file target_15.csv (CSV, C-alpha atoms)
chain,number,residue,atom,x,y,z
A,1,MET,CA,10.1,-19.2,9.3
A,2,ARG,CA,11.9,-20.5,6.2
A,3,LYS,CA,8.8,-21.8,4.3
A,4,THR,CA,6.8,-19.7,1.8
A,5,ILE,CA,4.5,-17.3,3.7
A,6,LYS,CA,1.0,-18.0,2.5
A,7,VAL,CA,-1.2,-14.9,2.5
A,8,ALA,CA,-4.8,-13.9,2.1
A,9,LEU,CA,-5.7,-10.5,0.8
A,10,ALA,CA,-9.1,-9.0,1.6
A,11,GLY,CA,-10.3,-6.1,-0.5
A,12,ALA,CA,-9.6,-6.4,-4.3
A,13,GLY,CA,-10.1,-2.6,-4.9
A,14,ALA,CA,-7.6,0.0,-5.8
A,15,PHE,CA,-5.4,-0.4,-2.8
A,16,GLY,CA,-5.6,-4.2,-2.7
A,17,ILE,CA,-4.3,-4.3,-6.3
A,18,LYS,CA,-1.3,-2.1,-5.2
A,19,HIS,CA,-0.5,-4.7,-2.6
A,20,LEU,CA,-0.8,-7.5,-5.1
A,21,ASP,CA,1.6,-5.7,-7.4
A,22,GLY,CA,4.1,-5.1,-4.6
A,23,ILE,CA,4.0,-8.7,-3.4
A,24,LYS,CA,4.9,-10.0,-6.8
A,25,ASN,CA,8.4,-8.5,-6.2
A,26,ILE,CA,8.9,-10.2,-2.8
A,27,ASP,CA,10.4,-13.7,-2.7
A,28,GLY,CA,9.0,-16.4,-0.4
A,29,VAL,CA,5.5,-15.0,-0.3
A,30,GLU,CA,2.4,-16.4,-2.0
A,31,VAL,CA,-1.1,-15.0,-2.1
A,32,ILE,CA,-3.4,-18.0,-1.8
A,33,SER,CA,-6.8,-16.4,-1.2
A,34,LEU,CA,-8.6,-13.3,-2.3
A,35,ILE,CA,-11.6,-12.0,-0.5
A,36,SER,CA,-13.9,-9.2,-1.7
A,37,ARG,CA,-17.6,-8.5,-1.8
A,38,ASP,CA,-18.2,-8.8,-5.6
A,39,LEU,CA,-17.5,-12.4,-6.4
A,40,GLU,CA,-17.3,-12.0,-10.2
A,41,LYS,CA,-14.9,-9.0,-10.1
A,42,THR,CA,-12.8,-10.8,-7.4
A,43,LYS,CA,-12.5,-13.8,-9.7
A,44,GLU,CA,-11.2,-11.6,-12.5
A,45,VAL,CA,-8.5,-10.1,-10.2
A,46,ALA,CA,-7.6,-13.6,-8.9
A,47,THR,CA,-7.2,-14.9,-12.4
A,48,LYS,CA,-4.9,-12.1,-13.3
A,49,TYR,CA,-2.7,-12.7,-10.3
A,50,GLY,CA,-2.9,-16.5,-10.2
A,51,ILE,CA,-4.7,-16.7,-6.9
A,52,GLY,CA,-6.5,-20.1,-6.5
A,53,HIS,CA,-9.0,-19.4,-3.7
A,54,VAL,CA,-11.7,-16.8,-4.0
A,55,THR,CA,-14.5,-15.9,-1.6
A,56,THR,CA,-16.7,-13.2,-0.2
A,57,ASP,CA,-16.3,-14.4,3.4
A,58,LEU,CA,-13.1,-13.6,5.4
A,59,ALA,CA,-14.0,-16.5,7.8
A,60,GLU,CA,-13.7,-19.0,4.9
A,61,SER,CA,-10.1,-17.8,4.2
A,62,LEU,CA,-9.2,-17.8,7.9
A,63,ALA,CA,-10.2,-21.5,8.1
A,64,LEU,CA,-7.5,-22.4,5.5
A,65,LYS,CA,-5.0,-24.4,7.5
A,66,GLU,CA,-2.0,-23.4,5.4
A,67,LEU,CA,-2.7,-19.7,5.8
A,68,ASP,CA,-0.1,-17.7,7.7
A,69,ALA,CA,-1.1,-14.1,7.3
A,70,VAL,CA,-3.7,-11.7,6.1
A,71,ILE,CA,-3.6,-8.2,4.5
A,72,LEU,CA,-6.8,-6.2,5.0
A,73,CYS,CA,-7.6,-3.5,2.4
A,74,THR,CA,-11.3,-3.4,3.3
A,75,PRO,CA,-13.6,-0.5,4.2
A,76,THR,CA,-12.5,1.6,7.2
A,77,GLN,CA,-15.5,0.6,9.3
A,78,MET,CA,-14.5,-3.1,9.1
A,79,HIS,CA,-10.8,-2.7,10.1
A,80,ALA,CA,-10.9,-3.2,13.8
A,81,GLU,CA,-13.4,-6.1,13.7
A,82,GLN,CA,-11.6,-7.9,10.9
A,83,THR,CA,-8.1,-7.4,12.5
A,84,LEU,CA,-9.4,-8.9,15.7
A,85,ALA,CA,-10.9,-11.9,13.7
A,86,CYS,CA,-7.5,-12.5,12.1
A,87,LEU,CA,-5.6,-12.4,15.4
A,88,LYS,CA,-8.2,-14.7,17.1
A,89,ALA,CA,-7.8,-17.2,14.2
A,90,GLY,CA,-4.0,-17.2,14.9
A,91,LYS,CA,-3.0,-15.3,11.8
A,92,HIS,CA,-0.5,-12.5,11.4
A,93,VAL,CA,-2.2,-9.4,10.1
A,94,GLN,CA,-1.5,-6.2,8.3
A,95,VAL,CA,-4.5,-3.8,8.2
A,96,GLU,CA,-4.5,-0.8,5.9
A,97,ILE,CA,-4.7,2.6,7.4
A,98,PRO,CA,-6.7,3.4,9.6
A,99,LEU,CA,-6.3,0.8,12.3
A,100,ALA,CA,-9.9,1.7,13.4
A,101,ASP,CA,-12.5,4.4,13.2
A,102,SER,CA,-12.7,4.7,17.0
A,103,LEU,CA,-10.3,4.7,19.9
A,104,ALA,CA,-12.1,1.7,21.4
A,105,GLY,CA,-11.5,-0.3,18.3
A,106,ALA,CA,-7.8,0.6,18.2
A,107,LYS,CA,-7.5,-0.3,21.9
A,108,ALA,CA,-9.1,-3.7,21.4
A,109,VAL,CA,-6.7,-4.5,18.6
A,110,VAL,CA,-3.6,-3.5,20.5
A,111,GLU,CA,-4.8,-5.6,23.5
A,112,GLU,CA,-5.5,-8.7,21.4
A,113,GLN,CA,-2.1,-8.4,19.7
A,114,LYS,CA,-0.4,-8.4,23.1
A,115,LYS,CA,-2.4,-11.5,24.1
A,116,THR,CA,-1.5,-13.5,20.9
A,117,GLY,CA,2.1,-12.2,20.3
A,118,LEU,CA,1.4,-12.3,16.6
A,119,VAL,CA,2.6,-9.7,14.1
A,120,ALA,CA,0.0,-7.0,13.8
A,121,MET,CA,0.9,-4.0,11.7
A,122,CYS,CA,-1.0,-1.0,10.3
A,123,GLY,CA,-0.4,0.4,6.8
A,124,HIS,CA,1.1,3.8,7.7
A,125,THR,CA,2.7,3.9,4.3
A,126,ARG,CA,4.4,7.3,4.8
A,127,ARG,CA,6.9,5.7,7.2
A,128,PHE,CA,8.0,3.5,4.3
A,129,ASN,CA,8.0,5.9,1.3
A,130,PRO,CA,11.7,6.5,0.2
A,131,SER,CA,11.1,10.2,0.3
A,132,HIS,CA,10.1,10.2,4.0
A,133,GLN,CA,12.7,7.5,4.8
A,134,TYR,CA,15.4,9.9,3.4
A,135,VAL,CA,14.2,12.7,5.8
A,136,HIS,CA,14.0,10.2,8.7
A,137,ASN,CA,17.6,9.1,8.1
A,138,GLU,CA,18.7,12.8,8.0
A,139,ILE,CA,17.0,13.3,11.4
A,140,THR,CA,18.4,10.2,13.1
A,141,ALA,CA,21.9,11.1,11.8
A,142,GLY,CA,21.5,14.5,13.5
A,143,ARG,CA,21.8,16.5,10.3
A,144,PHE,CA,18.2,17.8,10.2
A,145,ASN,CA,15.5,18.8,12.7
A,146,ILE,CA,11.9,19.6,11.9
A,147,GLN,CA,10.7,23.0,12.9
A,148,GLN,CA,7.4,22.8,11.0
A,149,MET,CA,5.6,20.4,8.7
A,150,ASP,CA,3.1,21.9,6.3
A,151,VAL,CA,0.8,19.3,4.7
A,152,GLN,CA,-1.9,19.3,2.1
A,153,THR,CA,-4.2,16.3,1.6
A,154,TYR,CA,-6.5,17.1,-1.3
A,155,PHE,CA,-9.0,15.0,-3.3
A,156,PHE,CA,-12.0,15.8,-5.5
A,157,ARG,CA,-14.4,13.3,-3.9
A,158,ARG,CA,-17.9,14.8,-3.8
A,159,THR,CA,-19.3,11.4,-4.6
A,160,ASN,CA,-18.5,8.0,-3.2
A,161,THR,CA,-15.6,6.9,-5.4
A,162,ASN,CA,-12.2,5.4,-4.9
A,163,ALA,CA,-8.8,6.2,-6.2
A,164,LEU,CA,-9.7,4.6,-9.5
A,165,GLY,CA,-12.9,6.6,-9.8
A,166,GLN,CA,-15.0,3.6,-9.1
A,167,ALA,CA,-18.1,3.6,-6.9
A,168,ARG,CA,-17.4,2.8,-3.3
A,169,SER,CA,-19.7,0.8,-0.9
A,170,TRP,CA,-18.5,2.9,2.1
A,171,THR,CA,-17.8,6.5,3.0
A,172,ASP,CA,-14.2,7.7,3.4
A,173,HIS,CA,-13.3,10.1,6.3
A,174,LEU,CA,-10.8,13.0,6.4
A,175,LEU,CA,-10.1,12.7,10.1
A,176,TRP,CA,-10.0,8.9,10.8
A,177,HIS,CA,-8.4,8.0,7.5
A,178,HIS,CA,-6.5,10.8,5.8
A,179,ALA,CA,-5.4,12.8,8.8
A,180,ALA,CA,-4.1,9.5,10.4
A,181,HIS,CA,-1.2,9.5,7.9
A,182,THR,CA,0.1,12.9,8.9
A,183,VAL,CA,-0.6,12.7,12.6
A,184,ASP,CA,1.4,9.5,12.9
A,185,LEU,CA,4.2,10.7,10.5
A,186,PHE,CA,4.7,14.0,12.3
A,187,ALA,CA,5.3,12.3,15.7
A,188,TYR,CA,7.4,9.5,14.1
A,189,GLN,CA,9.6,12.0,12.2
A,190,CYS,CA,10.0,14.3,15.2
A,191,GLY,CA,10.7,11.4,17.6
A,192,SER,CA,8.4,13.3,19.9
A,193,PRO,CA,4.8,12.8,20.9
A,194,VAL,CA,2.0,15.2,20.0
A,195,VAL,CA,1.1,17.2,23.1
A,196,GLN,CA,-1.3,19.7,21.6
A,197,ALA,CA,-3.9,19.3,18.8
A,198,ASN,CA,-6.6,21.6,17.4
A,199,ALA,CA,-9.1,21.1,14.6
A,200,ILE,CA,-11.9,22.9,12.7
A,201,GLN,CA,-14.0,21.6,10.0
A,202,GLY,CA,-16.3,22.9,7.3
A,203,PRO,CA,-20.0,22.0,6.6
A,204,ILE,CA,-21.2,18.4,6.7
A,205,HIS,CA,-22.0,17.1,3.2
A,206,PRO,CA,-25.8,16.5,3.0
A,207,ALA,CA,-25.5,13.1,1.3
A,208,LEU,CA,-22.2,11.7,2.5
A,209,GLY,CA,-22.6,12.8,6.1
A,210,ILE,CA,-19.0,13.9,6.5
A,211,ALA,CA,-17.0,17.1,6.7
A,212,MET,CA,-15.5,17.8,3.3
A,213,ASP,CA,-12.9,20.3,4.5
A,214,MET,CA,-10.8,20.3,7.7
A,215,SER,CA,-7.8,22.1,9.2
A,216,ILE,CA,-5.6,20.5,11.9
A,217,GLN,CA,-2.8,22.0,14.0
A,218,LEU,CA,-0.3,19.8,16.0
A,219,LYS,CA,2.5,20.5,18.4
A,220,ALA,CA,5.1,18.0,19.5
A,221,ALA,CA,6.7,17.8,22.9
A,222,ASN,CA,10.0,19.0,21.3
A,223,GLY,CA,8.4,22.2,20.1
A,224,ALA,CA,7.9,21.3,16.4
A,225,ILE,CA,4.6,22.2,14.8
A,226,CYS,CA,2.5,20.8,12.0
A,227,THR,CA,-0.3,22.4,9.9
A,228,LEU,CA,-2.5,20.0,8.0
A,229,SER,CA,-5.1,21.1,5.4
A,230,LEU,CA,-7.6,18.4,4.1
A,231,SER,CA,-10.3,18.7,1.5
A,232,PHE,CA,-12.5,16.5,-0.6
A,233,ASN,CA,-13.5,19.6,-2.6
A,234,ASN,CA,-10.2,20.3,-4.3
A,235,ASP,CA,-10.4,20.2,-8.1
A,236,GLY,CA,-6.8,19.3,-8.9
A,237,PRO,CA,-4.2,16.6,-8.5
A,238,LEU,CA,-5.1,14.0,-5.9
A,239,GLY,CA,-2.9,13.2,-3.0
A,240,THR,CA,-0.9,14.5,-0.1
A,241,TYR,CA,2.1,16.8,-0.3
A,242,PHE,CA,4.5,17.4,2.6
A,243,ARG,CA,6.8,20.3,3.2
A,244,TYR,CA,9.4,19.7,5.9
A,245,ILE,CA,10.8,23.0,7.1
A,246,GLY,CA,13.9,22.4,9.3
A,247,ASP,CA,16.9,24.0,10.8
A,248,THR,CA,19.3,23.0,7.9
A,249,ALA,CA,17.0,22.4,4.9
A,250,THR,CA,13.5,22.4,3.4
A,251,TYR,CA,12.2,19.2,1.8
A,252,LEU,CA,9.1,18.6,-0.3
A,253,ALA,CA,7.8,15.0,-0.3
A,254,ARG,CA,5.4,13.8,-2.8
A,255,TYR,CA,4.7,10.1,-2.2
A,256,ASP,CA,8.0,8.3,-3.1
A,257,ASP,CA,9.6,11.4,-4.6
A,258,LEU,CA,11.6,14.1,-2.8
A,259,PHE,CA,12.6,17.6,-3.7
A,260,THR,CA,14.4,20.5,-2.0
A,261,GLY,CA,12.5,23.6,-1.1
A,262,LYS,CA,13.7,25.1,-4.5
A,263,GLU,CA,12.1,22.1,-6.4
A,264,GLU,CA,15.4,20.4,-7.1
A,265,LYS,CA,14.9,16.6,-7.2
A,266,ILE,CA,16.7,14.5,-4.7
A,267,ASP,CA,17.8,11.0,-5.7
A,268,VAL,CA,16.2,8.6,-3.2
A,269,SER,CA,16.7,5.5,-5.4
A,270,LYS,CA,19.3,4.1,-3.0
A,271,VAL,CA,17.3,4.7,0.2
A,272,ASP,CA,15.8,1.2,0.1
A,273,VAL,CA,15.5,-1.9,-2.1
A,274,SER,CA,12.5,-0.5,-3.9
A,275,MET,CA,11.0,2.9,-4.9
A,276,ASN,CA,7.5,1.6,-4.1
A,277,GLY,CA,6.3,2.5,-0.6
A,278,ILE,CA,3.5,-0.1,-0.6
A,279,GLU,CA,6.0,-2.8,-1.5
A,280,LEU,CA,8.4,-1.7,1.2
A,281,GLN,CA,5.6,-1.7,3.7
A,282,ASP,CA,4.7,-5.3,2.7
A,283,ARG,CA,8.4,-6.3,2.9
A,284,GLU,CA,8.5,-5.1,6.5
A,285,PHE,CA,5.4,-7.1,7.4
A,286,PHE,CA,6.8,-10.3,6.0
A,287,ALA,CA,10.3,-9.7,7.4
A,288,ALA,CA,8.8,-9.2,10.9
A,289,ILE,CA,6.9,-12.5,10.6
A,290,ARG,CA,10.1,-14.4,9.5
A,291,GLU,CA,12.2,-12.7,12.2
A,292,GLY,CA,9.7,-13.0,15.0
A,293,ARG,CA,9.9,-9.3,15.9
A,294,GLU,CA,7.7,-6.2,16.1
A,295,PRO,CA,7.4,-4.4,12.8
A,296,ASN,CA,7.8,-0.7,12.1
A,297,SER,CA,4.2,0.7,12.3
A,298,SER,CA,3.0,-2.1,14.6
A,299,VAL,CA,-0.4,-1.5,16.0
A,300,ALA,CA,1.2,-0.7,19.3
A,301,SER,CA,3.6,1.9,17.8
A,302,VAL,CA,0.8,3.7,15.9
A,303,PHE,CA,-1.7,3.7,18.7
A,304,ALA,CA,-0.8,7.2,20.0
A,305,CYS,CA,-2.0,8.5,16.6
A,306,TYR,CA,-5.5,7.2,17.2
A,307,GLN,CA,-5.6,8.8,20.7
A,308,VAL,CA,-4.9,12.2,19.0
A,309,LEU,CA,-7.6,11.5,16.4
A,310,HIS,CA,-10.1,10.6,19.2
A,311,ASP,CA,-9.3,13.8,21.1
A,312,LEU,CA,-9.7,15.9,17.9
A,313,GLU,CA,-13.1,14.2,17.2
A,314,GLN,CA,-14.3,15.0,20.7
A,315,LYS,CA,-13.3,18.7,20.2
A,316,LEU,CA,-15.1,18.8,16.8
A,317,ASN,CA,-18.2,17.3,18.3
A,318,ALA,CA,-18.2,19.7,21.2
A,319,ALA,CA,-17.9,22.6,18.8
A,320,GLY,CA,-20.9,21.3,16.9

call {"tool": "encode", "arguments": {"input": "target_15.csv", "output": "structure tokens"}}
result
Amino acid sequence: MRKTIKVALAGAGAFGIKHLDGIKNIDGVEVISLISRDLEKTKEVATKYGIGHVTTDLAESLALKELDAVILCTPTQMHAEQTLACLKAGKHVQVEIPLADSLAGAKAVVEEQKKTGLVAMCGHTRRFNPSHQYVHNEITAGRFNIQQMDVQTYFFRRTNTNALGQARSWTDHLLWHHAAHTVDLFAYQCGSPVVQANAIQGPIHPALGIAMDMSIQLKAANGAICTLSLSFNNDGPLGTYFRYIGDTATYLARYDDLFTGKEEKIDVSKVDVSMNGIELQDREFFAAIREGREPNSSVASVFACYQVLHDLEQKLNAAG
């Protein structure tokens, strides 16, 4: 594909805007349609980014003949259904994490992708952050092996708000959304599947209907372990912080930045063409479309993560 890739973006919230900012830096790509539930707010975003078509209906955008691909930054509960709609309409699709909020949904997407042969990718951004890429490169070069990952995913989210502090129309989830980042990254970095997984959770929030605190333990087939703590009750900096404890070094990854275990900053500016993990994720999506290949974090390659999440959910439900 040599022509300009024409894209629709669904979900003009905090994460959708991050994608729009990243796409501005990528040649040969044009966002031609913006979809979101609040038409007036969507028009404001579209005007800012020079997007000509605005709608509240994904089907309307999928009917555009010139459309090649879709990026979905919509509520978790819509991901599987909308990804399937894009594939059935003959459009390449990148869906933000998580791929689905159930194993059945994830399975349906993987099966549909196999049928169509289209590029279908899930936004497991940690695979693309320069910090994590640096560690991955050290592992693949044989200079570093993970013994343990210690991860903290903390937000203060006792009300339904997004990363910008704006009201959300849907409820976020520690297991199916935030844990998905780490479960996938752990197996990806170890190059070894998760063979053991345990979880406990705190009380269910009376209004939100979700657990606000969770602890997860993972073990890979190669013996590496991971401890993941998640909370929506933490009154402090928002985000996820990774400590890689290995045989030759310790690394602290904070989004696109990386430090040694002694808090010495590591220069990761030359790891890739950008320091923006979202932009790098989008670059991979469009490159895979142009080159007719499977992308890193394809729906097939991340599916094992959702099997683990499903198994953990079953254990949590059984424990009451």

call {"tool": "residues_around", "arguments": {"input": "target_15.csv", "residues": "region 200-213 of chain A", "least_positions_apart": "4", "cutoff": "7 Å", "atoms": "all atoms listed in the file", "output": "list in words"}}
result
Thr171, His173, Leu230, Ser231, Phe232, Asn233 and Leu316 of chain A

call {"tool": "closest_residue", "arguments": {"input": "target_15.csv", "among": "A:His79, A:Arg243, A:Arg126, A:Lys48", "to": "Gln94 (chain A)", "atoms": "all atoms listed in the file"}}
result
A:His79

call {"tool": "atom_distance", "arguments": {"input": "target_15.csv", "atom1": "CA of Ser131 (chain A)", "atom2": "CA of Lys270 (chain A)"}}
result
10.7 Å

call {"tool": "closest_residue", "arguments": {"input": "target_15.csv", "among": "A:Val109, A:Ala141, A:Val268, A:Val195", "to": "Leu84 (chain A)", "atoms": "all atoms listed in the file"}}
result
A:Val109

call {"tool": "atom_distance", "arguments": {"input": "target_15.csv", "atom1": "CA of Pro98 (chain A)", "atom2": "CA of Asn317 (chain A)"}}
result
20.0 Å

call {"tool": "closest_residue", "arguments": {"input": "target_15.csv", "among": "A:Asp235, A:Arg290, A:Cys73, A:Val95", "to": "Arg157 (chain A)", "atoms": "all atoms listed in the file"}}
result
A:Asp235

call {"tool": "residues_around", "arguments": {"input": "target_15.csv", "residues": "region 111-121 of chain A", "least_positions_apart": "3", "cutoff": "8 Å", "atoms": "only C-alpha atoms", "output": "PyMOL selection string"}}
result
chain A and resi 84+87-88+90-95+107-108+285+288-289+292-299

call {"tool": "atom_distance", "arguments": {"input": "target_15.csv", "atom1": "CA of Thr227 (chain A)", "atom2": "CA of Asp150 (chain A)"}}
result
5.0 Å

call {"tool": "residues_around", "arguments": {"input": "target_15.csv", "residues": "Ala10 (chain A)", "least_positions_apart": "2", "cutoff": "12 Å", "atoms": "all atoms listed in the file", "output": "PyMOL selection string"}}
result
chain A and resi 7-8+12-17+19-20+31-38+42+45-46+53-62+69-75+78-79+82-83+86+93-96

call {"tool": "residues_near_point", "arguments": {"input": "target_15.csv", "point": "(9.6, -0.7, -3.5)", "cutoff": "12 Å", "atoms": "all atoms listed in the file", "output": "JSON, numbers by chain"}}
result
{"A": [18, 19, 21, 22, 23, 24, 25, 26, 125, 128, 129, 130, 131, 255, 256, 268, 269, 270, 271, 272, 273, 274, 275, 276, 277, 278, 279, 280, 281, 282, 283, 284]}

call {"tool": "write_last_selection", "arguments": {"input": "target_15.csv", "atoms": "C-alpha atoms", "output": "tab-separated table (two decimals), keeping the file's coordinate frame"}}
result
chain	number	residue	atom	x	y	z
A	18	LYS	CA	-1.30	-2.10	-5.20
A	19	HIS	CA	-0.50	-4.70	-2.60
A	21	ASP	CA	1.60	-5.70	-7.40
A	22	GLY	CA	4.10	-5.10	-4.60
A	23	ILE	CA	4.00	-8.70	-3.40
A	24	LYS	CA	4.90	-10.00	-6.80
A	25	ASN	CA	8.40	-8.50	-6.20
A	26	ILE	CA	8.90	-10.20	-2.80
A	125	THR	CA	2.70	3.90	4.30
A	128	PHE	CA	8.00	3.50	4.30
A	129	ASN	CA	8.00	5.90	1.30
A	130	PRO	CA	11.70	6.50	0.20
A	131	SER	CA	11.10	10.20	0.30
A	255	TYR	CA	4.70	10.10	-2.20
A	256	ASP	CA	8.00	8.30	-3.10
A	268	VAL	CA	16.20	8.60	-3.20
A	269	SER	CA	16.70	5.50	-5.40
A	270	LYS	CA	19.30	4.10	-3.00
A	271	VAL	CA	17.30	4.70	0.20
A	272	ASP	CA	15.80	1.20	0.10
A	273	VAL	CA	15.50	-1.90	-2.10
A	274	SER	CA	12.50	-0.50	-3.90
A	275	MET	CA	11.00	2.90	-4.90
A	276	ASN	CA	7.50	1.60	-4.10
A	277	GLY	CA	6.30	2.50	-0.60
A	278	ILE	CA	3.50	-0.10	-0.60
A	279	GLU	CA	6.00	-2.80	-1.50
A	280	LEU	CA	8.40	-1.70	1.20
A	281	GLN	CA	5.60	-1.70	3.70
A	282	ASP	CA	4.70	-5.30	2.70
A	283	ARG	CA	8.40	-6.30	2.90
A	284	GLU	CA	8.50	-5.10	6.50

call {"tool": "closest_atom_pairs", "arguments": {"input": "target_15.csv", "of": "region 100-162 of chain A", "to": "region 247-254 of chain A", "cutoff": "8 Å", "atoms": "all atoms listed in the file", "output": "tab-separated table"}}
result
residue	atom	partner	partner_atom	distance
A:Ser131	CA	A:Ala253	CA	5.9
A:His132	CA	A:Ala253	CA	6.8
A:Val135	CA	A:Tyr251	CA	7.9
A:Arg143	CA	A:Thr248	CA	7.4
A:Phe144	CA	A:Thr248	CA	5.8
A:Asn145	CA	A:Asp247	CA	5.7
A:Ile146	CA	A:Asp247	CA	6.8
A:Gln147	CA	A:Asp247	CA	6.6

call {"tool": "write_last_selection", "arguments": {"input": "target_15.csv", "atoms": "C-alpha atoms", "output": "compact mmCIF listing (two decimals), keeping the file's coordinate frame"}}
result
# COMPACT_ATOMS: atom_id res chain seq x y z
CA SER A 131 11.10 10.20 0.30
CA HIS A 132 10.10 10.20 4.00
CA VAL A 135 14.20 12.70 5.80
CA ARG A 143 21.80 16.50 10.30
CA PHE A 144 18.20 17.80 10.20
CA ASN A 145 15.50 18.80 12.70
CA ILE A 146 11.90 19.60 11.90
CA GLN A 147 10.70 23.00 12.90

call {"tool": "closest_residue", "arguments": {"input": "target_15.csv", "among": "A:Glu138, A:Glu81, A:Asp184, A:Glu30", "to": "Cys226 (chain A)", "atoms": "all atoms listed in the file"}}
result
A:Asp184

call {"tool": "residues_around", "arguments": {"input": "target_15.csv", "residues": "region 303-313 of chain A", "least_positions_apart": "5", "cutoff": "12 Å", "atoms": "all atoms listed in the file", "output": "ChimeraX atom specification"}}
result
/A:97-111,120-122,124,173-188,192-201,211,214-220,297-298,318-320

call {"tool": "write_last_selection", "arguments": {"input": "target_15.csv", "atoms": "C-alpha atoms", "output": "PDB file, in the frame of the given file"}}
result
ATOM      1  CA  ILE A  97      -4.700   2.600   7.400  1.00  0.00           C
ATOM      2  CA  PRO A  98      -6.700   3.400   9.600  1.00  0.00           C
ATOM      3  CA  LEU A  99      -6.300   0.800  12.300  1.00  0.00           C
ATOM      4  CA  ALA A 100      -9.900   1.700  13.400  1.00  0.00           C
ATOM      5  CA  ASP A 101     -12.500   4.400  13.200  1.00  0.00           C
ATOM      6  CA  SER A 102     -12.700   4.700  17.000  1.00  0.00           C
ATOM      7  CA  LEU A 103     -10.300   4.700  19.900  1.00  0.00           C
ATOM      8  CA  ALA A 104     -12.100   1.700  21.400  1.00  0.00           C
ATOM      9  CA  GLY A 105     -11.500  -0.300  18.300  1.00  0.00           C
ATOM     10  CA  ALA A 106      -7.800   0.600  18.200  1.00  0.00           C
ATOM     11  CA  LYS A 107      -7.500  -0.300  21.900  1.00  0.00           C
ATOM     12  CA  ALA A 108      -9.100  -3.700  21.400  1.00  0.00           C
ATOM     13  CA  VAL A 109      -6.700  -4.500  18.600  1.00  0.00           C
ATOM     14  CA  VAL A 110      -3.600  -3.500  20.500  1.00  0.00           C
ATOM     15  CA  GLU A 111      -4.800  -5.600  23.500  1.00  0.00           C
ATOM     16  CA  ALA A 120       0.000  -7.000  13.800  1.00  0.00           C
ATOM     17  CA  MET A 121       0.900  -4.000  11.700  1.00  0.00           C
ATOM     18  CA  CYS A 122      -1.000  -1.000  10.300  1.00  0.00           C
ATOM     19  CA  HIS A 124       1.100   3.800   7.700  1.00  0.00           C
ATOM     20  CA  HIS A 173     -13.300  10.100   6.300  1.00  0.00           C
ATOM     21  CA  LEU A 174     -10.800  13.000   6.400  1.00  0.00           C
ATOM     22  CA  LEU A 175     -10.100  12.700  10.100  1.00  0.00           C
ATOM     23  CA  TRP A 176     -10.000   8.900  10.800  1.00  0.00           C
ATOM     24  CA  HIS A 177      -8.400   8.000   7.500  1.00  0.00           C
ATOM     25  CA  HIS A 178      -6.500  10.800   5.800  1.00  0.00           C
ATOM     26  CA  ALA A 179      -5.400  12.800   8.800  1.00  0.00           C
ATOM     27  CA  ALA A 180      -4.100   9.500  10.400  1.00  0.00           C
ATOM     28  CA  HIS A 181      -1.200   9.500   7.900  1.00  0.00           C
ATOM     29  CA  THR A 182       0.100  12.900   8.900  1.00  0.00           C
ATOM     30  CA  VAL A 183      -0.600  12.700  12.600  1.00  0.00           C
ATOM     31  CA  ASP A 184       1.400   9.500  12.900  1.00  0.00           C
ATOM     32  CA  LEU A 185       4.200  10.700  10.500  1.00  0.00           C
ATOM     33  CA  PHE A 186       4.700  14.000  12.300  1.00  0.00           C
ATOM     34  CA  ALA A 187       5.300  12.300  15.700  1.00  0.00           C
ATOM     35  CA  TYR A 188       7.400   9.500  14.100  1.00  0.00           C
ATOM     36  CA  SER A 192       8.400  13.300  19.900  1.00  0.00           C
ATOM     37  CA  PRO A 193       4.800  12.800  20.900  1.00  0.00           C
ATOM     38  CA  VAL A 194       2.000  15.200  20.000  1.00  0.00           C
ATOM     39  CA  VAL A 195       1.100  17.200  23.100  1.00  0.00           C
ATOM     40  CA  GLN A 196      -1.300  19.700  21.600  1.00  0.00           C
ATOM     41  CA  ALA A 197      -3.900  19.300  18.800  1.00  0.00           C
ATOM     42  CA  ASN A 198      -6.600  21.600  17.400  1.00  0.00           C
ATOM     43  CA  ALA A 199      -9.100  21.100  14.600  1.00  0.00           C
ATOM     44  CA  ILE A 200     -11.900  22.900  12.700  1.00  0.00           C
ATOM     45  CA  GLN A 201     -14.000  21.600  10.000  1.00  0.00           C
ATOM     46  CA  ALA A 211     -17.000  17.100   6.700  1.00  0.00           C
ATOM     47  CA  MET A 214     -10.800  20.300   7.700  1.00  0.00           C
ATOM     48  CA  SER A 215      -7.800  22.100   9.200  1.00  0.00           C
ATOM     49  CA  ILE A 216      -5.600  20.500  11.900  1.00  0.00           C
ATOM     50  CA  GLN A 217      -2.800  22.000  14.000  1.00  0.00           C
ATOM     51  CA  LEU A 218      -0.300  19.800  16.000  1.00  0.00           C
ATOM     52  CA  LYS A 219       2.500  20.500  18.400  1.00  0.00           C
ATOM     53  CA  ALA A 220       5.100  18.000  19.500  1.00  0.00           C
ATOM     54  CA  SER A 297       4.200   0.700  12.300  1.00  0.00           C
ATOM     55  CA  SER A 298       3.000  -2.100  14.600  1.00  0.00           C
ATOM     56  CA  ALA A 318     -18.200  19.700  21.200  1.00  0.00           C
ATOM     57  CA  ALA A 319     -17.900  22.600  18.800  1.00  0.00           C
ATOM     58  CA  GLY A 320     -20.900  21.300  16.900  1.00  0.00           C
TER      59      GLY A 320
END
